[in-house]
Each structure stands twice: as C-alpha cells, then as structure tokens.
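Coordinates as given in upload_24.cif (mmCIF, C-alpha atoms):
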```cif
data_data
loop_
_atom_site.group_PDB
_atom_site.id
_atom_site.type_symbol
_atom_site.label_atom_id
_atom_site.label_comp_id
_atom_site.auth_asym_id
_atom_site.auth_seq_id
_atom_site.Cartn_x
_atom_site.Cartn_y
_atom_site.Cartn_z
ATOM 1 C CA MET A 1 121.385 113.137 64.287
ATOM 2 C CA SER A 2 120.180 112.973 67.848
ATOM 3 C CA MET A 3 122.556 111.296 70.295
ATOM 4 C CA ARG A 4 119.980 111.141 73.036
ATOM 5 C CA LEU A 5 119.179 107.802 74.618
ATOM 6 C CA THR A 6 115.721 106.451 74.178
ATOM 7 C CA ASP A 7 113.437 106.697 77.169
ATOM 8 C CA GLU A 8 113.586 102.941 77.464
ATOM 9 C CA GLU A 9 117.393 102.915 77.661
ATOM 10 C CA LEU A 10 117.416 105.686 80.224
ATOM 11 C CA PHE A 11 114.784 103.948 82.255
ATOM 12 C CA SER A 12 116.511 100.584 82.290
ATOM 13 C CA MET A 13 119.874 102.051 83.290
ATOM 14 C CA HIS A 14 118.165 103.966 86.057
ATOM 15 C CA LYS A 15 116.411 100.818 87.229
ATOM 16 C CA PHE A 16 119.661 98.892 87.094
ATOM 17 C CA TYR A 17 121.447 101.613 89.070
ATOM 18 C CA GLN A 18 118.714 101.670 91.695
ATOM 19 C CA PHE A 19 118.721 97.893 91.998
ATOM 20 C CA VAL A 20 122.492 97.657 92.361
ATOM 21 C CA ARG A 21 122.525 100.472 94.907
ATOM 22 C CA ALA A 22 119.612 99.101 96.913
ATOM 23 C CA ASN A 23 121.386 95.750 97.262
ATOM 24 C CA SER A 24 124.808 97.303 97.925
ATOM 25 C CA MET A 25 126.239 95.406 95.007
ATOM 26 C CA SER A 26 129.883 96.144 94.468
ATOM 27 C CA LEU A 27 130.337 93.811 91.506
ATOM 28 C CA ALA A 28 127.986 92.419 88.874
ATOM 29 C CA PHE A 29 128.922 90.361 85.827
ATOM 30 C CA GLN A 30 126.898 88.952 82.983
ATOM 31 C CA GLY A 31 128.228 86.820 80.155
ATOM 32 C CA ILE A 32 131.317 84.621 79.943
ATOM 33 C CA ILE A 33 132.975 84.905 83.331
ATOM 34 C CA SER A 34 136.520 83.959 82.419
ATOM 35 C CA GLN A 35 139.498 83.411 84.705
ATOM 36 C CA ASP A 36 140.751 86.863 83.675
ATOM 37 C CA ILE A 37 137.575 88.407 85.088
ATOM 38 C CA LEU A 38 137.979 86.214 88.157
ATOM 39 C CA SER A 39 141.472 87.489 88.830
ATOM 40 C CA LEU A 40 140.080 91.029 88.646
ATOM 41 C CA VAL A 41 137.390 90.035 91.158
ATOM 42 C CA GLY A 42 140.117 88.631 93.393
ATOM 43 C CA THR A 43 142.038 91.901 93.317
ATOM 44 C CA THR A 44 138.891 93.900 94.078
ATOM 45 C CA LEU A 45 137.857 91.655 96.973
ATOM 46 C CA ARG A 46 141.262 91.987 98.606
ATOM 47 C CA LYS A 47 140.600 95.704 98.943
ATOM 48 C CA LYS A 48 137.441 95.108 100.962
ATOM 49 C CA PRO A 49 137.549 96.218 104.577
ATOM 50 C CA ASN A 50 137.323 92.801 106.169
ATOM 51 C CA SER A 51 139.619 90.021 107.213
ATOM 52 C CA GLU A 52 141.816 88.429 104.609
ATOM 53 C CA ILE A 53 140.160 85.078 105.235
ATOM 54 C CA VAL A 54 136.677 86.396 104.498
ATOM 55 C CA SER A 55 137.948 88.002 101.287
ATOM 56 C CA LYS A 56 139.548 84.718 100.233
ATOM 57 C CA ARG A 57 136.366 82.820 101.015
ATOM 58 C CA LEU A 58 134.240 85.241 98.993
ATOM 59 C CA PHE A 59 136.692 84.881 96.146
ATOM 60 C CA SER A 60 136.590 81.104 96.383
ATOM 61 C CA ILE A 61 132.774 81.121 96.289
ATOM 62 C CA VAL A 62 132.803 83.362 93.197
ATOM 63 C CA VAL A 63 135.323 81.079 91.461
ATOM 64 C CA GLU A 64 133.231 77.965 92.120
ATOM 65 C CA MET A 65 130.047 79.675 90.911
ATOM 66 C CA ALA A 66 131.771 81.096 87.834
ATOM 67 C CA GLN A 67 133.266 77.759 86.878
ATOM 68 C CA ASN A 68 129.938 75.992 87.334
ATOM 69 C CA ILE A 69 128.401 78.520 84.947
ATOM 70 C CA TYR A 70 131.361 78.313 82.582
ATOM 71 C CA HIS A 71 131.153 74.552 82.225
ATOM 72 C CA TYR A 72 127.501 73.707 82.871
ATOM 73 C CA SER A 73 125.207 76.620 81.988
ATOM 74 C CA ALA A 74 122.674 75.681 79.331
ATOM 75 C CA SER A 75 122.942 79.159 77.822
ATOM 76 C CA ARG A 76 126.189 79.395 75.877
ATOM 77 C CA ALA A 77 128.164 81.927 73.868
ATOM 78 C CA TYR A 78 131.115 81.511 71.537
ATOM 79 C CA SER A 79 134.453 82.443 73.088
ATOM 80 C CA GLU A 80 137.183 83.594 70.692
ATOM 81 C CA LYS A 81 139.814 82.709 73.288
ATOM 82 C CA ASP A 82 138.568 79.171 73.887
ATOM 83 C CA LYS A 83 137.452 78.567 70.299
ATOM 84 C CA LYS A 84 134.273 77.004 71.558
ATOM 85 C CA GLU A 85 130.981 77.754 73.248
ATOM 86 C CA ILE A 86 131.177 78.683 76.925
ATOM 87 C CA GLY A 87 128.408 78.853 79.507
ATOM 88 C CA VAL A 88 127.058 82.256 80.415
ATOM 89 C CA GLY A 89 125.247 83.550 83.479
ATOM 90 C CA VAL A 90 125.254 86.324 86.053
ATOM 91 C CA ILE A 91 127.176 86.745 89.297
ATOM 92 C CA THR A 92 126.794 89.538 91.808
ATOM 93 C CA ILE A 93 128.572 90.369 95.034
ATOM 94 C CA GLY A 94 126.577 92.461 97.431
ATOM 95 C CA GLU A 95 125.944 92.889 101.100
ATOM 96 C CA ASN A 96 123.356 93.703 103.699
ATOM 97 C CA LYS A 97 123.835 94.709 107.329
ATOM 98 C CA ASP A 98 124.992 91.286 108.478
ATOM 99 C CA HIS A 99 126.213 89.396 105.436
ATOM 100 C CA TYR A 100 128.196 89.442 102.259
ATOM 101 C CA ILE A 101 126.003 87.863 99.613
ATOM 102 C CA VAL A 102 127.337 86.158 96.511
ATOM 103 C CA ASN A 103 124.639 85.289 93.983
ATOM 104 C CA SER A 104 124.815 83.376 90.755
ATOM 105 C CA GLY A 105 122.116 82.820 88.173
ATOM 106 C CA ASN A 106 122.053 80.833 84.981
ATOM 107 C CA ILE A 107 119.825 78.848 82.718
ATOM 108 C CA ALA A 108 120.148 75.123 83.307
ATOM 109 C CA THR A 109 118.514 72.094 81.790
ATOM 110 C CA ALA A 110 115.481 71.093 83.836
ATOM 111 C CA HIS A 111 117.362 67.948 84.816
ATOM 112 C CA ASP A 112 120.466 69.833 86.030
ATOM 113 C CA ALA A 113 118.336 72.329 87.949
ATOM 114 C CA ILE A 114 116.648 69.519 89.840
ATOM 115 C CA SER A 115 119.947 67.868 90.702
ATOM 116 C CA VAL A 116 121.470 71.147 91.909
ATOM 117 C CA ALA A 117 118.397 71.794 94.079
ATOM 118 C CA GLU A 118 118.533 68.266 95.482
ATOM 119 C CA ARG A 119 122.217 68.568 96.188
ATOM 120 C CA CYS A 120 121.700 71.880 98.030
ATOM 121 C CA GLU A 121 118.993 70.251 100.146
ATOM 122 C CA TYR A 122 121.246 67.309 100.914
ATOM 123 C CA ILE A 123 124.195 69.534 101.867
ATOM 124 C CA ASN A 124 121.961 71.775 103.979
ATOM 125 C CA GLY A 125 120.848 68.708 105.932
ATOM 126 C CA LEU A 126 124.363 67.760 106.997
ATOM 127 C CA ALA A 127 126.085 68.857 110.203
ATOM 128 C CA ASP A 128 129.659 70.179 109.937
ATOM 129 C CA GLU A 129 131.418 66.869 110.570
ATOM 130 C CA GLU A 130 129.125 65.010 108.167
ATOM 131 C CA LEU A 131 129.722 67.640 105.520
ATOM 132 C CA LYS A 132 133.477 67.264 105.916
ATOM 133 C CA LYS A 133 133.121 63.487 105.471
ATOM 134 C CA PHE A 134 130.900 63.954 102.437
ATOM 135 C CA HIS A 135 133.468 66.371 100.990
ATOM 136 C CA LYS A 136 136.286 63.856 101.379
ATOM 137 C CA LYS A 137 134.204 60.975 100.045
ATOM 138 C CA THR A 138 133.080 62.933 96.980
ATOM 139 C CA LEU A 139 136.625 64.070 96.208
ATOM 140 C CA ARG A 140 137.630 60.399 95.969
ATOM 141 C CA GLU A 141 134.892 59.431 93.551
ATOM 142 C CA PRO A 142 136.005 58.709 89.984
ATOM 143 C CA GLN A 143 136.090 61.689 87.626
ATOM 144 C CA ARG A 144 132.669 61.973 86.008
ATOM 145 C CA ALA A 145 132.623 61.564 82.250
ATOM 146 C CA ASP A 146 132.518 64.902 80.381
ATOM 147 C CA LYS A 147 132.568 66.855 83.647
ATOM 148 C CA PRO A 148 135.788 68.687 84.386
ATOM 149 C CA GLY A 149 134.983 69.607 87.979
ATOM 150 C CA ALA A 150 135.580 67.701 91.204
ATOM 151 C CA ASN A 151 131.854 67.783 92.065
ATOM 152 C CA VAL A 152 132.561 69.439 95.406
ATOM 153 C CA GLY A 153 131.889 73.099 94.520
ATOM 154 C CA LEU A 154 128.591 73.337 96.393
ATOM 155 C CA ILE A 155 130.067 71.517 99.392
ATOM 156 C CA VAL A 156 132.955 73.955 99.567
ATOM 157 C CA MET A 157 130.618 76.961 99.178
ATOM 158 C CA SER A 158 128.643 75.741 102.173
ATOM 159 C CA ARG A 159 131.705 74.950 104.263
ATOM 160 C CA GLN A 160 133.394 78.272 103.504
ATOM 161 C CA SER A 161 130.294 80.357 104.124
ATOM 162 C CA GLU A 162 129.602 78.421 107.350
ATOM 163 C CA ASN A 163 126.017 78.743 106.252
ATOM 164 C CA LYS A 164 123.250 76.972 104.375
ATOM 165 C CA LEU A 165 122.971 77.269 100.601
ATOM 166 C CA PHE A 166 120.016 79.334 99.419
ATOM 167 C CA TYR A 167 118.614 78.558 96.003
ATOM 168 C CA ASP A 168 115.610 79.245 93.859
ATOM 169 C CA THR A 169 114.372 77.904 90.559
ATOM 170 C CA THR A 170 112.180 79.514 87.916
ATOM 171 C CA VAL A 171 110.871 77.189 85.251
ATOM 172 C CA ILE A 172 111.285 78.802 81.823
ATOM 173 C CA ASN A 173 109.863 76.007 79.687
ATOM 174 C CA ASP A 174 109.794 72.201 79.551
ATOM 175 C CA GLN A 175 113.506 71.952 78.983
ATOM 176 C CA HIS A 176 114.964 74.884 80.851
ATOM 177 C CA THR A 177 114.980 76.377 84.331
ATOM 178 C CA PHE A 178 116.670 79.498 85.662
ATOM 179 C CA ILE A 179 118.557 78.610 88.797
ATOM 180 C CA THR A 180 119.675 81.148 91.375
ATOM 181 C CA LEU A 181 122.185 80.286 94.042
ATOM 182 C CA SER A 182 122.848 82.579 96.975
ATOM 183 C CA VAL A 183 125.691 82.112 99.423
ATOM 184 C CA ARG A 184 125.869 84.290 102.501
ATOM 185 C CA VAL A 185 128.949 84.893 104.569
ATOM 186 C CA SER A 186 128.494 86.523 107.944
ATOM 187 C CA LYS A 187 130.429 89.762 108.424
ATOM 188 C CA LYS A 188 131.052 88.672 112.004
ATOM 189 C CA LEU A 189 133.317 85.782 110.958
ATOM 190 C CA PHE A 190 136.910 86.377 112.063
ATOM 191 C CA MET A 191 136.097 89.749 113.603
ATOM 192 C CA MET B 1 165.975 55.345 80.597
ATOM 193 C CA ALA B 2 166.459 58.927 79.483
ATOM 194 C CA GLN B 3 167.412 61.305 82.248
ATOM 195 C CA LEU B 4 164.376 63.155 83.533
ATOM 196 C CA GLU B 5 164.734 66.905 83.229
ATOM 197 C CA ILE B 6 163.662 69.619 85.638
ATOM 198 C CA PHE B 7 159.959 70.339 85.218
ATOM 199 C CA PHE B 8 159.193 74.026 85.396
ATOM 200 C CA ILE B 9 156.093 76.128 84.775
ATOM 201 C CA LYS B 10 156.192 79.820 85.484
ATOM 202 C CA GLY B 11 153.026 80.771 87.355
ATOM 203 C CA SER B 12 150.627 83.583 86.550
ATOM 204 C CA THR B 13 147.480 84.872 88.212
ATOM 205 C CA TYR B 14 145.568 81.614 87.881
ATOM 206 C CA ILE B 15 148.233 78.993 87.336
ATOM 207 C CA PRO B 16 150.776 77.992 89.959
ATOM 208 C CA THR B 17 154.535 77.998 89.643
ATOM 209 C CA VAL B 18 155.737 74.422 89.393
ATOM 210 C CA ASN B 19 159.347 73.489 90.014
ATOM 211 C CA PHE B 20 160.143 69.777 90.199
ATOM 212 C CA ASP B 21 163.832 68.883 90.422
ATOM 213 C CA PRO B 22 164.614 65.203 89.833
ATOM 214 C CA GLY B 23 168.204 65.701 91.020
ATOM 215 C CA THR B 24 167.371 66.915 94.528
ATOM 216 C CA GLY B 25 163.943 65.253 94.780
ATOM 217 C CA ILE B 26 162.459 68.602 95.757
ATOM 218 C CA LEU B 27 159.036 69.229 94.228
ATOM 219 C CA GLU B 28 157.598 72.659 94.742
ATOM 220 C CA MET B 29 154.298 74.306 93.833
ATOM 221 C CA SER B 30 153.368 77.867 94.762
ATOM 222 C CA GLY B 31 150.865 80.585 93.944
ATOM 223 C CA GLU B 32 147.230 80.234 92.954
ATOM 224 C CA SER B 33 145.447 77.630 90.857
ATOM 225 C CA TYR B 34 142.049 78.175 89.275
ATOM 226 C CA HIS B 35 142.562 77.396 85.630
ATOM 227 C CA GLU B 36 139.282 76.679 83.812
ATOM 228 C CA TYR B 37 140.842 73.593 82.284
ATOM 229 C CA THR B 38 142.453 72.163 85.375
ATOM 230 C CA ILE B 39 142.602 68.573 84.119
ATOM 231 C CA GLU B 40 144.529 69.635 81.018
ATOM 232 C CA PHE B 41 146.804 71.901 83.048
ATOM 233 C CA PHE B 42 147.717 69.165 85.540
ATOM 234 C CA GLN B 43 148.110 66.387 82.967
ATOM 235 C CA PRO B 44 151.818 67.003 82.163
ATOM 236 C CA ILE B 45 152.551 67.518 85.866
ATOM 237 C CA LEU B 46 151.092 64.125 86.741
ATOM 238 C CA GLU B 47 152.849 62.484 83.788
ATOM 239 C CA TRP B 48 156.226 63.862 84.859
ATOM 240 C CA LEU B 49 155.585 62.706 88.416
ATOM 241 C CA ASN B 50 154.681 59.222 87.227
ATOM 242 C CA LYS B 51 158.018 58.903 85.450
ATOM 243 C CA PHE B 52 159.903 60.379 88.385
ATOM 244 C CA LEU B 53 158.350 57.863 90.767
ATOM 245 C CA GLU B 54 159.298 54.853 88.669
ATOM 246 C CA GLU B 55 162.722 54.745 90.310
ATOM 247 C CA PRO B 56 162.565 53.306 93.852
ATOM 248 C CA ASN B 57 164.196 54.522 97.079
ATOM 249 C CA ARG B 58 164.154 58.222 96.340
ATOM 250 C CA ASP B 59 164.021 60.951 98.974
ATOM 251 C CA VAL B 60 161.134 63.177 97.953
ATOM 252 C CA VAL B 61 160.184 66.487 99.537
ATOM 253 C CA PHE B 62 157.037 68.171 98.287
ATOM 254 C CA ASN B 63 156.987 71.867 99.242
ATOM 255 C CA PHE B 64 153.376 72.906 98.997
ATOM 256 C CA LYS B 65 153.245 76.705 98.997
ATOM 257 C CA MET B 66 149.886 77.336 97.375
ATOM 258 C CA THR B 67 147.955 80.360 98.603
ATOM 259 C CA TYR B 68 144.664 79.549 96.852
ATOM 260 C CA PHE B 69 143.299 76.702 94.739
ATOM 261 C CA ASN B 70 139.847 75.889 93.388
ATOM 262 C CA THR B 71 138.008 72.619 93.994
ATOM 263 C CA SER B 72 138.997 71.202 90.643
ATOM 264 C CA SER B 73 142.668 71.674 91.591
ATOM 265 C CA SER B 74 141.998 70.184 95.034
ATOM 266 C CA ARG B 75 141.180 66.926 93.327
ATOM 267 C CA ARG B 76 144.407 66.978 91.329
ATOM 268 C CA PHE B 77 146.392 67.586 94.526
ATOM 269 C CA LEU B 78 144.707 64.563 96.081
ATOM 270 C CA GLU B 79 145.929 62.516 93.109
ATOM 271 C CA ILE B 80 149.465 63.784 93.686
ATOM 272 C CA PHE B 81 149.354 62.868 97.391
ATOM 273 C CA ASP B 82 147.950 59.436 96.512
ATOM 274 C CA MET B 83 150.836 58.890 94.101
ATOM 275 C CA LEU B 84 153.341 59.879 96.778
ATOM 276 C CA GLU B 85 151.686 57.552 99.295
ATOM 277 C CA GLU B 86 151.821 54.695 96.816
ATOM 278 C CA TYR B 87 155.484 55.481 96.145
ATOM 279 C CA LYS B 88 156.254 55.277 99.846
ATOM 280 C CA LYS B 89 154.434 51.950 100.194
ATOM 281 C CA SER B 90 155.467 50.082 97.087
ATOM 282 C CA LYS B 91 158.826 51.599 96.144
ATOM 283 C CA ASN B 92 160.360 52.282 99.510
ATOM 284 C CA GLY B 93 160.236 56.017 98.879
ATOM 285 C CA ASN B 94 161.066 58.436 101.661
ATOM 286 C CA VAL B 95 158.359 61.062 101.257
ATOM 287 C CA LYS B 96 157.647 64.241 103.140
ATOM 288 C CA VAL B 97 155.218 67.094 102.497
ATOM 289 C CA ASN B 98 156.005 70.570 103.802
ATOM 290 C CA TRP B 99 152.683 72.402 103.818
ATOM 291 C CA TYR B 100 153.232 76.157 104.016
ATOM 292 C CA TYR B 101 150.436 78.511 105.038
ATOM 293 C CA LYS B 102 150.283 82.173 105.868
ATOM 294 C CA GLU B 103 150.000 82.768 109.585
ATOM 295 C CA GLY B 104 146.293 83.036 110.434
ATOM 296 C CA ASP B 105 145.103 81.393 107.224
ATOM 297 C CA VAL B 106 143.091 78.721 109.021
ATOM 298 C CA ASP B 107 141.488 77.597 105.755
ATOM 299 C CA MET B 108 144.769 76.762 104.064
ATOM 300 C CA LEU B 109 145.961 75.001 107.219
ATOM 301 C CA GLU B 110 142.717 73.014 107.413
ATOM 302 C CA SER B 111 142.958 71.965 103.763
ATOM 303 C CA GLY B 112 146.403 70.556 104.461
ATOM 304 C CA GLU B 113 145.244 68.804 107.609
ATOM 305 C CA GLU B 114 142.409 67.143 105.713
ATOM 306 C CA TYR B 115 144.802 65.756 103.118
ATOM 307 C CA ALA B 116 147.132 64.626 105.906
ATOM 308 C CA GLU B 117 144.259 62.729 107.550
ATOM 309 C CA ASP B 118 143.595 60.812 104.356
ATOM 310 C CA VAL B 119 147.012 59.814 103.078
ATOM 311 C CA ASP B 120 149.720 57.929 104.898
ATOM 312 C CA ILE B 121 152.634 60.306 104.377
ATOM 313 C CA GLU B 122 154.379 62.721 106.699
ATOM 314 C CA PHE B 123 153.101 66.302 106.633
ATOM 315 C CA GLU B 124 154.809 69.186 108.351
ATOM 316 C CA PHE B 125 152.824 72.413 108.680
ATOM 317 C CA ILE B 126 154.922 75.524 108.428
ATOM 318 C CA SER B 127 153.486 79.001 108.916
ATOM 319 C CA TYR B 128 155.044 82.149 107.517
ATOM 320 C CA ASN B 129 154.338 85.871 107.875
#
```

Please, can you express the file's structure as structure tokens?
Amino acid sequence: MSMRLTDEELFSMHKFYQFVRANSMSLAFQGIISQDILSLVGTTLRKKPNSEIVSKRLFSIVVEMAQNIYHYSASRAYSEKDKKEIGVGVITIGENKDHYIVNSGNIATAHDAISVAERCEYINGLADEELKKFHKKTLREPQRADKPGANVGLIVMSRQSENKLFYDTTVINDQHTFITLSVRVSKKLFM
Amino acid sequence: MAQLEIFFIKGSTYIPTVNFDPGTGILEMSGESYHEYTIEFFQPILEWLNKFLEEPNRDVVFNFKMTYFNTSSSRRFLEIFDMLEEYKKSKNGNVKVNWYYKEGDVDMLESGEEYAEDVDIEFEFISYN
C-alpha cells in the first residue's frame, strides 16, 4: 500500500505553508475556537517580543473575535464538551513591517453580516472620546435576548488597536455571507 | 435568616478566583475572566451578593485584582458596581473599591477609571510590581 500523499494534498499543504509564511502568520486556527485554545493563544502571545500591553491587547482582540464566532457564526459544529452546536470560523495572527494583524473569518447570516459591517462603519466614524461614550452607553443597555455578549466587542477591538476596523464581505448565497474582520495594532505602540 | 457562608471559587486559566467573606465584608476577585458562558458563571456570584447586600450598614471592601477580563465579563462587573452603589445609597452601606493594576498596565487602570466615572462609589487605584 502506498503511503504517499496525493499530488493535491501535497500541493495544498505547500500552498498553505507559502501563504502562512508570506503573511508572517504565527498562529492560525480553524474550527471551534474554545477557551482552552484561547488560553494557549494567550501563553504564546506573552512570548512575543513586544510590550506586555500590546500582547494583552492582541490577546483581548483574539478573545473577542473567537467568542463572536463561537456564539454567532452561522456555520456550526457539534461540541462534545458543550453538548451542543458551536460556531466555527478561522482566526489568524500575523504581522507585516508596521503592524500586528489579527484576522477573523466566518460565515454569517446575510442579516448579521450587514449589521456587523454597519457597526464597523459607525465605530470607524467616531473620534476617541465619542467611542468611549458609545462604549459606556452600550454597556448599560439591557442584555439582548438570546445574545450572551455585552455587544461591545467591536468597540473594544477598535479602542485597543487604536485603529479603524477593517472588514470585508463575500456573499455566498441569498442567506449567507462570509465576513472577514481585520484588526491592526501598530508595533510602535508603547515602544 | 440563615447565616451567609463564605463564597469561594478557585480560579483557573479563564475563570477568576472569587473570595467573598460575609464576616469581614471583604470581597475579592483576581485572575482572568473569559469564560464562554459568562452569564452562567456570574449568576451565583450576583445571587450571593444580592443576599449579602440585604443587610444594611455594612462596611464593604471590594478588592478588584483582575489582570484580564473579556467584554462579556466587563458587563457583569458593571452590574456588581451598580449593586454596590445602590447599597451605599439605599442601605447606608460604606463601600470602597480597591482597584489593583500592574504598574504600567494603562489599560487595566483605564478600565477601572471608566467604572469609577460612572458609579458613585469610592475607588482607590493601587499599582503593584
């Protein structure tokens, strides 16, 4: 029996390797991104050669993205641990010359994708002080039915990155859209 | 009313250590908090606190020693501070929050300052190395 990989398998791993290398990605996750994986990410980020605050901010951004995916992704998989279906998606941590870049991608309902995009636009339009006010106001709003979060994840991502939120949407079909969120943290912060 | 017992949760990577002592009035939380089911995790904490704050005139010190918490937890902490503020106003409680932050952790300090701006209770900010 031949144990050789098919050409297709070899090719896709090579492509994946090249892609990860080209984008200096140190971490990439696909699937259920549980709190156990998050604590591993936290440990890894603390070893990065930057200030402790930047590491904590990157970690915080990953946690907010992961928990958005966990609770709201339209693509779901059964979790033995949770005994229910959990949202799946992808998260990568990479960097270029100037920035650390945390990306998340997941399938969302068309409706959710539009509201995330609108919320990013709204947040991006606010100056620092306004964003702080919006953060405080939103935190005081009543808990939304069937939504476990505080509805401030995107606000905190923007405040912690001290940057705008980058996003992109790819319509898959009438019901579903793939949404990519990209948060960039300058390497110059706290240097 | 049955005597309220010490409320204790031993922390782990993503849940904080909780140590609420009804005898001394010292409430302490430390560590990190990013449980996926934050509402469920905080529920018994808030219930215990509700019972504890039924009795008026207590001296309450909340030692906040968290090093990281997610946004979902940030909302639960706001609820706790609101409860303490209400206790001060309506039950003559003497409430103080000691907010600990690692020296240089401007984010943790700022989080505390933003709570302090929004609730009418005394906050002291204490840095450690």

Open item on the list: To one decimal place in Å, what is the distance between CA of Ile101 in chain A and CA of Val183 in chain A?
Closed with: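 Calculated distance between CA of Ile101 in chain A and CA of Val183 in chain A is 5.8 Å.
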
TODO: Go through A:Asn96, A:Ser55, A:Thr44, A:Gln143 one by one, measure the shortest atom-to-atom distance of each to Gln160 in chain A using all atoms listed in the file, and give the residue with the smallest value.
DONE: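 Looking at the shortest contact to Gln160 in chain A, the residue is A:Ser55.
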
Task: Residue nearest chain B - candidates A:Lys15, A:Lys56, A:Arg119, A:Arg46, atoms counted: only C-alpha atoms - done: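 For chain B, the nearest of the given residues is A:Lys56.
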
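In this structure, CA of Val171 in chain A sits 27.6 Å away from CA of Glu9 in chain A.
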
TODO: List the neighbours of Ile33 in chain A out to 9 Å using only C-alpha atoms; skip same-chain residues closer than 5 positions along the sequence, and give me the result as a PyMOL selection string.
DONE: chain A and resi 38+66-67+69-70+87-91

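Residues from chain B that have an atom within 9 Å of chain A, counting only C-alpha atoms, are B:Thr13, B:Tyr14, B:Tyr34, B:His35, B:Glu36, B:Tyr37, B:Thr38, B:Ile39, B:Tyr68, B:Phe69, B:Asn70, B:Thr71, B:Ser72, B:Ser73, B:Ser74, B:Arg75, B:Arg76, B:Leu78, B:Gly104, B:Asp105, B:Val106, B:Asp107, B:Glu114, B:Tyr115, B:Asp118.
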
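Using the PyMOL selection byres ((chain A and resi 18-26) around 6) on the file at hand returns these residues: Lys15, Phe16, Tyr17, Leu27, Ile93, Gly94 and Glu95 of chain A.
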
How would the residues just chosen look if you wrote them out with C-alpha atoms as a PDB file, keeping the file's coordinate frame?
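Done, and the output landed in part-v8.pdb:
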```pdb
ATOM      1  CA  LYS A  15     116.411 100.818  87.229  1.00  0.00           C
ATOM      2  CA  PHE A  16     119.661  98.892  87.094  1.00  0.00           C
ATOM      3  CA  TYR A  17     121.447 101.613  89.070  1.00  0.00           C
ATOM      4  CA  LEU A  27     130.337  93.811  91.506  1.00  0.00           C
ATOM      5  CA  ILE A  93     128.572  90.369  95.034  1.00  0.00           C
ATOM      6  CA  GLY A  94     126.577  92.461  97.431  1.00  0.00           C
ATOM      7  CA  GLU A  95     125.944  92.889 101.100  1.00  0.00           C
TER       8      GLU A  95
END
```

Task: Explicit residue set for the PyMOL selection byres ((chain B and resi 50) around 12), as number ranges by chain - done: B: 4, 22, 43-49, 51-56, 79-80, 82-84, 86-87

Let me see the file: selected residues, C-alpha atoms, as a short mmCIF file (atom, residue, chain, number, x, y, z; two decimals), in the frame of the given file.
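In the end it all went to part09.cif:
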```cif
data_model
loop_
_atom_site.label_atom_id
_atom_site.label_comp_id
_atom_site.auth_asym_id
_atom_site.auth_seq_id
_atom_site.Cartn_x
_atom_site.Cartn_y
_atom_site.Cartn_z
CA LEU B 4 164.38 63.16 83.53
CA PRO B 22 164.61 65.20 89.83
CA GLN B 43 148.11 66.39 82.97
CA PRO B 44 151.82 67.00 82.16
CA ILE B 45 152.55 67.52 85.87
CA LEU B 46 151.09 64.12 86.74
CA GLU B 47 152.85 62.48 83.79
CA TRP B 48 156.23 63.86 84.86
CA LEU B 49 155.58 62.71 88.42
CA LYS B 51 158.02 58.90 85.45
CA PHE B 52 159.90 60.38 88.38
CA LEU B 53 158.35 57.86 90.77
CA GLU B 54 159.30 54.85 88.67
CA GLU B 55 162.72 54.74 90.31
CA PRO B 56 162.56 53.31 93.85
CA GLU B 79 145.93 62.52 93.11
CA ILE B 80 149.46 63.78 93.69
CA ASP B 82 147.95 59.44 96.51
CA MET B 83 150.84 58.89 94.10
CA LEU B 84 153.34 59.88 96.78
CA GLU B 86 151.82 54.70 96.82
CA TYR B 87 155.48 55.48 96.14
#
```

- [ ] For the file shown, report as a list in words the outcome of the PyMOL selection byres ((chain B and resi 129) around 9) at residue level.
- [x] Tyr101, Lys102, Glu103, Gly104, Ser127 and Tyr128 of chain B

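Using only C-alpha atoms, the nearest neighbour of Glu32 in chain B within the list B:Phe8, B:Ser90, B:Met108, B:Val95 is B:Met108.
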
Open item on the list: Just want the 9 Å neighbourhood of Gly23 in chain B, counted on all atoms listed in the file, with same-chain residues fewer than 2 positions away dropped. Output as an MDAnalysis selection string.
Closed with: chainID B and resid 4:6 21 25:26

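CA of Lys10 in chain B is found 15.4 Å from CA of Phe64 in chain B.
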
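Distance check against Glu162 in chain A using only C-alpha atoms: of A:Ser12, A:Ser186, A:Ser115, A:Thr43, the minimum falls on A:Ser186.
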
Could you give me the axis-aligned bounding box of range 95-99 of chain A, with 4 Å of padding per side, as centre plus edge lengths in Å to one decimal, as AutoDock Vina command-line options?
```
--center_x 124.8 --center_y 92.1 --center_z 104.8 --size_x 10.9 --size_y 13.3 --size_z 15.4
```

Task: Residue nearest Glu85 in chain A - candidates A:Gly31, A:Cys120, A:Tyr167, A:Asn106, atoms counted: only C-alpha atoms - done: A:Gly31

Open item on the list: Set the distance at 12 Å and use only C-alpha atoms: which residues neighbour Asp112 in chain A once local chain neighbours fewer than 6 positions away are removed? I'd like the list as a PyMOL selection string.
Closed with: chain A and resi 68-69+72-74+106+118-119+169+175-179
